[in-house]
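Have a look at the structure below, then the notes.
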Amino acid sequence: MTRYAVEPDAAVAHSKTRGSHLRVHFKHCREIAHHISGMQVNRAMKFLDDVLAFKAVVPFVKYTGGVGRKAQAKQSKTPGSKGRWPVKATAVIRDMLTNAIANAETKGLDVDTLYVSHAQCNKAPAGRRRTYRAHGRIGKYASQPAHIEFILSEKKKGVDKAPEDEEAGEGATGKKITRKQAAKKRFVSIGE
């Protein structure tokens, strides 16, 4: 069994997936993972499909050097308007999310309530090749692969508000009381 950067609470239902030494650009994977972190799984899958169809752009927030501005980047609530459509990295991350969803179904989790609770991308060791430069020199020609991991968790359901006709506890009625009234309630009257 492999180690994850985050070990979720055993009480929370979750599913995991990870890939090591993936031959996709680290910077692209980081931007995609950062964008879909916290998203509902169905929404994240739709976003990745839209990126593959060039209907949505992956907003680049950290690695922005030389990245052009895109009108589609204004659709997401991220700073700046820089973005790209990294097709290969998007396809790999989409396959990983599909795997995590399949793991969740195997565990018996409800897919509709799943969200991406943890998305992380780390640099893997560079794949080193060489290129030939002018005047008989040799230059490095390295790829930047990535380690990627996802954890999907079920959203906790909120507590429903109590109906008005039911007798609620003292503080749960929703009525505001002044400090003076609160102080009067704290003291016990003696001799009455």
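Here, A, B, ... name the chains of the structure tokens in the order displayed, residue numbers run from 1 inside each chain, and ligands are numbered from 1 in the same displayed order.
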Report as a list in words all protein, DNA and RNA residues lying within 12 Å of Cys121 in chain A, evaluated on only C-alpha atoms, omitting residues in the same chain fewer than 6 positions from it.
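In the requested form, the answer reads Tyr4, Ala5, Arg18, Gly19, Ser20, His21, Leu22, Val24, His25, Phe26, Lys27, His28, Cys29, Arg30, Glu31, Ile32, Ala33, His34, His35, Ser37, Ala89, Ile93, Gln144, Pro145, Ala146, His147, Ile148, Glu149 and Phe150 of chain A.
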message: Please list as a ChimeraX atom specification every residue within 6 Å of Val116 in chain A, counting only C-alpha atoms and excluding residues in the same chain fewer than 2 positions away.
response: /A:37-39,118,152
Next on the checklist: What parts of chain A does DSSP call helix (DSSP H, G or I)? I'd like the answer as number ranges by chain.
Outcome noted: A: 26-36, 41-52, 71-75, 87-107, 111-113, 134-136, 179-186
* To do: Enumerate the residues of range 83-189 of chain A with a DSSP assignment of strand (DSSP E), computed from the backbone, and present them as a count of residues only.
  => 33
For this session: Determine, counting only C-alpha atoms, which protein, DNA and RNA residues have an atom within 10 Å of an atom of range 154-156 of chain A; residues of the same chain fewer than 6 positions away are not included. Present the result as a VMD selection string.
Result: chain A and resid 12 to 15 40 104 109 to 117
One residue among A:Asn122, A:Ser143, A:Gln181, A:Thr17 is nearest to Asn99 in chain A when using only C-alpha atoms, and that residue is A:Thr17
message: List the spatial neighbours of Leu48 in chain A as a list in words - criterion: any atom at most 9 Å away, only C-alpha atoms, same-chain residues fewer than 3 positions off excluded.
response: Ile32, Ile36, Arg43, Ala44, Met45, Val51, Leu52, Ala53, Ala56, Val58, Thr90, Ala91, Ile93 and Arg94 of chain A
Query raised in the report: CA of Ser81 in chain A and CA of Asp95 in chain A are how many Å apart?
Result: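 Those two atoms sit 27.0 Å apart.
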